[in-house]
Amino acid sequence: MPISSTPRMNTTPGQGAPPVNTRMALGVATTIFFMWGFLTCLNDILIPHLKAVFELNYARAMLVQFTFFGAYFLMSLPAGRLVAHLGYKKGIVAGLLIAGVGALGFWPAAELREYSAFLGALFVLATGITVLQVAANPYVALLGPVETSSSRLTLAQALNSLGTAIAPIFGGLLILGNTVKSADEINALSVAEQAAYRAAEAQSVQGPYIGLAIALALLALFVYLFRLPTLSESTEKVDDGPQQSYGAALRHRHLLFAVLGIFFYVGAEVSIGSFLVNYLSMPTIGGFTEQQATHYVSAYWTMAMIGRFAGSALLTRYSPRHMLALFAGINVVLLGATMASSGQVALYSVVAIGLFNSIMFPTIFALGIERLGPLTNKASSLLIMAIVGGALVPYLQGVLADHIGLQPSFILPLLCYGYVIFFGLVGARLPAATTRGG
């Protein structure tokens, strides 16, 4: 079936209703990107907090990201079915509400003071974000001509980066504001002092996540009431025929390579962000307190936001494939610099990686679903499933850090960016015949 370069949209939801401005619809969608960026980046603050509270090694601390991003792998296909059944708009609403339930789970987790309870709440929250990713990424990519889908998705992801830039400061003040005591220090306190300490410690996590649960519920209500354009492209229809299967989608070479690209890119990005607080606290790198280090984590994600705004314009003029390979190559150089140096050189080179991360996720995603037509929904689910790289790569880097040291362990994300270079130069090429989606 021939694929139109511009998706067909029903912009008149009701009889006699005025058409919906697609720019306004894009604006609404970007608020979703902001929220899930904020929630995701809070993990970078939660990790050092829980690491200190439960006296974890690096590998066990990375179970936060393993659980969070593991949900993408386990729940992507169910999320794809849900979005196919509900449509993009109701799928976004469902994702927001599920994430809100997960945020509420932090209240009992903090009361119980059980690491496993925090991981359970994170899994539910991440399930909601998985639904949001499956619904919102292809929606934005399809909300206009295919030629500018990379630019449009990069612009939306810039608001995602705004959320990730704000979250470390927010989390640093509210979650890392208090100094976490060791087990020996807690045992040295009186019973009353221990109770007061644990209450303050619990509240430092409970308050922010209860507030986020309320914000998610209000955002879900807002999206539900807003008349988003309805895409009439067949991407929202459930069809399990042989021509519409996940296997059929993966037979498209560029999608298969894109799935691997998302896996390695997200793994590298999340791994670097997860270790930044501990890395910058090392005496040979920055020697900061954990709360001071959060400002540099914010800078890392702010650089990504700046890069996405600039990248959105650049991608309308230059080849997304070439830009992707160039930015990944620069990150390989920056990681090599931070591994081989100390002090300010190591500090600024690792923070600068955020700038060149900027275009990678939206560009890989847009190139992966390019000209897949009715297979777009299934391709989206597969690409979101590949975000499991954010679960596995940080954990593996944690194992490396425990055995060879934190600074040398950055060799793992460096290799991940090496694959992204390959994808941009070779893997993202479309076959000669791209006029059929199945």
# chains A, B, ... in the order shown; residues from 1 in each chain; ligands from 1

$ residues_around --residues "Pro408 of chain A" --least-positions-apart "3" --cutoff "10 Å" --atoms "only C-alpha atoms" --output "list in words"
Gly336, Thr338, Met339, Ala340, Gln397, Leu400, Ala401, His403, Ile404, Gly405, Ile411 and Leu412 of chain A

$ residues_around --residues "Ala366 of chain A" --least-positions-apart "6" --cutoff "12 Å" --atoms "only C-alpha atoms" --output "ChimeraX atom specification"
/A:137-142,145-154,157,254-255,258-259,261-262,315,320-321,324,359-360,372,376,379-380,383,428

$ write_last_selection --atoms "N, CA, C and O atoms" --output "compact mmCIF listing (two decimals), in the first residue's frame"
# COMPACT_ATOMS: atom_id res chain seq x y z
N ASN A 137 5.67 9.69 20.83
CA ASN A 137 6.74 9.79 19.84
C ASN A 137 6.23 9.67 18.40
O ASN A 137 6.50 10.55 17.57
N PRO A 138 5.49 8.60 18.06
CA PRO A 138 5.00 8.53 16.68
C PRO A 138 3.96 9.60 16.38
O PRO A 138 3.87 10.06 15.24
N TYR A 139 3.20 10.03 17.39
CA TYR A 139 2.19 11.06 17.15
C TYR A 139 2.85 12.35 16.67
O TYR A 139 2.43 12.96 15.69
N VAL A 140 3.93 12.75 17.37
CA VAL A 140 4.64 13.97 16.97
C VAL A 140 5.32 13.77 15.62
O VAL A 140 5.30 14.66 14.76
N ALA A 141 5.92 12.60 15.42
CA ALA A 141 6.60 12.34 14.15
C ALA A 141 5.64 12.38 12.97
O ALA A 141 6.00 12.82 11.87
N LEU A 142 4.40 11.94 13.20
CA LEU A 142 3.41 11.88 12.12
C LEU A 142 2.59 13.16 11.99
O LEU A 142 1.78 13.29 11.08
N PRO A 145 4.71 16.63 7.62
CA PRO A 145 5.43 15.94 6.54
C PRO A 145 6.54 15.03 7.07
O PRO A 145 7.23 15.38 8.04
N VAL A 146 6.74 13.89 6.43
CA VAL A 146 7.77 12.95 6.85
C VAL A 146 9.16 13.55 6.72
O VAL A 146 10.07 13.21 7.49
N GLU A 147 9.34 14.47 5.76
CA GLU A 147 10.67 15.05 5.53
C GLU A 147 11.17 15.83 6.75
O GLU A 147 12.38 15.99 6.94
N THR A 148 10.26 16.37 7.55
CA THR A 148 10.66 17.18 8.71
C THR A 148 10.35 16.48 10.03
O THR A 148 10.34 17.11 11.07
N SER A 149 10.12 15.16 9.98
CA SER A 149 9.76 14.45 11.22
C SER A 149 10.91 14.46 12.23
O SER A 149 10.68 14.61 13.43
N SER A 150 12.17 14.32 11.75
CA SER A 150 13.31 14.36 12.67
C SER A 150 13.40 15.72 13.36
O SER A 150 13.64 15.81 14.58
N SER A 151 13.21 16.78 12.59
CA SER A 151 13.26 18.13 13.16
C SER A 151 12.15 18.34 14.17
O SER A 151 12.36 18.89 15.26
N ARG A 152 10.94 17.89 13.82
CA ARG A 152 9.78 18.08 14.70
C ARG A 152 9.94 17.29 16.01
O ARG A 152 9.66 17.79 17.10
N LEU A 153 10.41 16.07 15.90
CA LEU A 153 10.59 15.23 17.08
C LEU A 153 11.74 15.74 17.94
O LEU A 153 11.69 15.69 19.17
N THR A 154 12.77 16.29 17.31
CA THR A 154 13.88 16.87 18.06
C THR A 154 13.41 18.09 18.84
O THR A 154 13.82 18.31 19.99
N GLN A 157 11.56 16.90 21.78
CA GLN A 157 12.49 16.33 22.74
C GLN A 157 13.28 17.43 23.47
O GLN A 157 13.82 17.19 24.56
N HIS A 254 16.36 -0.92 8.11
CA HIS A 254 16.67 0.32 8.84
C HIS A 254 16.01 0.33 10.21
O HIS A 254 16.54 0.91 11.16
N LEU A 255 14.85 -0.34 10.35
CA LEU A 255 14.21 -0.42 11.67
C LEU A 255 15.01 -1.31 12.60
O LEU A 255 15.22 -0.98 13.78
N ALA A 258 17.86 0.53 13.80
CA ALA A 258 17.41 1.61 14.68
C ALA A 258 17.10 1.09 16.08
O ALA A 258 17.36 1.76 17.08
N VAL A 259 16.51 -0.11 16.16
CA VAL A 259 16.23 -0.72 17.47
C VAL A 259 17.53 -0.87 18.26
O VAL A 259 17.61 -0.53 19.44
N GLY A 261 20.21 0.84 17.69
CA GLY A 261 20.69 2.21 17.92
C GLY A 261 20.09 2.82 19.17
O GLY A 261 20.79 3.45 19.98
N ILE A 262 18.76 2.66 19.35
CA ILE A 262 18.10 3.16 20.56
C ILE A 262 18.66 2.46 21.79
O ILE A 262 18.92 3.09 22.82
N LEU A 315 18.66 20.16 11.54
CA LEU A 315 18.16 18.97 10.86
C LEU A 315 17.24 19.29 9.68
O LEU A 315 16.94 18.41 8.87
N PRO A 320 20.04 14.18 8.50
CA PRO A 320 19.96 13.64 9.87
C PRO A 320 20.96 12.51 10.10
O PRO A 320 21.52 12.39 11.19
N ARG A 321 21.19 11.68 9.08
CA ARG A 321 22.12 10.56 9.22
C ARG A 321 23.55 11.04 9.48
O ARG A 321 24.25 10.54 10.36
N LEU A 324 23.87 12.73 12.93
CA LEU A 324 23.87 11.72 13.98
C LEU A 324 25.28 11.12 14.15
O LEU A 324 25.80 11.01 15.27
N ILE A 359 20.45 15.36 19.69
CA ILE A 359 19.61 14.96 18.55
C ILE A 359 19.47 13.44 18.42
O ILE A 359 18.71 12.97 17.56
N MET A 360 20.17 12.69 19.26
CA MET A 360 20.31 11.26 18.96
C MET A 360 19.01 10.47 19.07
O MET A 360 18.62 9.76 18.14
N LEU A 372 7.19 3.62 7.17
CA LEU A 372 6.66 2.30 7.54
C LEU A 372 5.13 2.26 7.54
O LEU A 372 4.56 1.18 7.70
N THR A 376 3.89 1.53 11.56
CA THR A 376 4.49 2.53 12.43
C THR A 376 4.25 2.23 13.90
O THR A 376 5.15 2.37 14.74
N ALA A 379 6.44 -0.62 14.95
CA ALA A 379 7.83 -0.16 14.95
C ALA A 379 8.10 0.70 16.18
O ALA A 379 9.15 0.58 16.82
N SER A 380 7.14 1.55 16.52
CA SER A 380 7.28 2.40 17.70
C SER A 380 7.42 1.56 18.97
O SER A 380 8.28 1.82 19.81
N LEU A 383 10.91 0.10 19.09
CA LEU A 383 11.91 1.11 19.41
C LEU A 383 11.85 1.48 20.89
O LEU A 383 12.89 1.67 21.54
N ALA A 428 21.19 3.33 8.91
CA ALA A 428 19.97 4.11 8.69
C ALA A 428 19.60 4.26 7.22
O ALA A 428 18.57 4.86 6.91

$ select_by_dssp --residues "segment 263-420 of chain A" --states "helix (DSSP H, G or I)" --output "PyMOL selection string"
chain A and resi 263-280+290-314+320-340+343-357+360-368+373-404+408-420

$ closest_residue --among "A:Pro78, A:Gly354, A:Pro108, A:Gly427" --to "His322 of chain A" --atoms "only C-alpha atoms"
A:Gly427

$ atom_distance --atom1 "atom CA of Gly70 of chain A" --atom2 "atom CA of Val333 of chain A"
29.1 Å

$ closest_residue --among "A:Ala391, A:Val101, A:Ala84, A:Ala121" --to "Leu216 of chain A" --atoms "only C-alpha atoms"
A:Val101

$ residues_around --residues "Gly267 of chain A" --least-positions-apart "4" --cutoff "12 Å" --atoms "only C-alpha atoms" --output "number ranges by chain"
A: 65-66, 69-70, 260-263, 271-274, 357, 361, 386-397, 410, 412-417, 419-420

$ atom_distance --atom1 "atom CA of Ala126 of chain A" --atom2 "atom CA of Ala94 of chain A"
12.7 Å

$ closest_residue --among "A:Ala325, A:Ile353, A:Gln206, A:Pro48" --to "Thr289 of chain A" --atoms "only C-alpha atoms"
A:Pro48

$ residues_around --residues "segment 160-175 of chain A" --least-positions-apart "3" --cutoff "6 Å" --atoms "only C-alpha atoms" --output "list in words"
Phe33, Phe34, Gly37, Phe38, Cys41, Leu42, Ile45, Gln157, Ser204, Val205, Gln291, Thr294, Ser298, Trp301, Thr302 and Met305 of chain A

$ closest_residue --among "A:Gly144, A:Gly128, A:Gly286, A:Gly105" --to "Ile210 of chain A" --atoms "only C-alpha atoms"
A:Gly105

$ atom_distance --atom1 "atom CA of Thr31 of chain A" --atom2 "atom CA of Val124 of chain A"
20.6 Å

$ closest_residue --among "A:Ser409, A:Ser190, A:Thr67, A:Ser342" --to "Tyr115 of chain A" --atoms "only C-alpha atoms"
A:Thr67

$ residues_around --residues "Ser76 of chain A" --least-positions-apart "2" --cutoff "8 Å" --atoms "only C-alpha atoms" --output "list in words"
Ala71, Tyr72, Phe73, Leu74, Pro78, Ala79, Gly80, Thr130, Val131, Val134, Ser381, Leu382, Ile384 and Met385 of chain A

$ write_last_selection --atoms "C-alpha atoms" --output "short mmCIF file (atom, residue, chain, number, x, y, z; two decimals), in the first residue's frame"
data_model
loop_
_atom_site.label_atom_id
_atom_site.label_comp_id
_atom_site.auth_asym_id
_atom_site.auth_seq_id
_atom_site.Cartn_x
_atom_site.Cartn_y
_atom_site.Cartn_z
CA ALA A 71 9.76 -1.81 32.32
CA TYR A 72 10.19 -0.47 28.80
CA PHE A 73 11.25 -3.91 27.62
CA LEU A 74 8.51 -5.82 29.44
CA PRO A 78 1.38 -4.38 25.88
CA ALA A 79 1.65 -0.59 25.67
CA GLY A 80 1.59 -0.80 21.87
CA THR A 130 6.36 3.53 28.39
CA VAL A 131 2.75 4.06 27.30
CA VAL A 134 4.67 4.57 22.50
CA SER A 381 6.70 -0.36 20.26
CA LEU A 382 9.91 -2.11 19.20
CA ILE A 384 10.51 1.90 22.85
CA MET A 385 11.27 -1.67 23.93
#
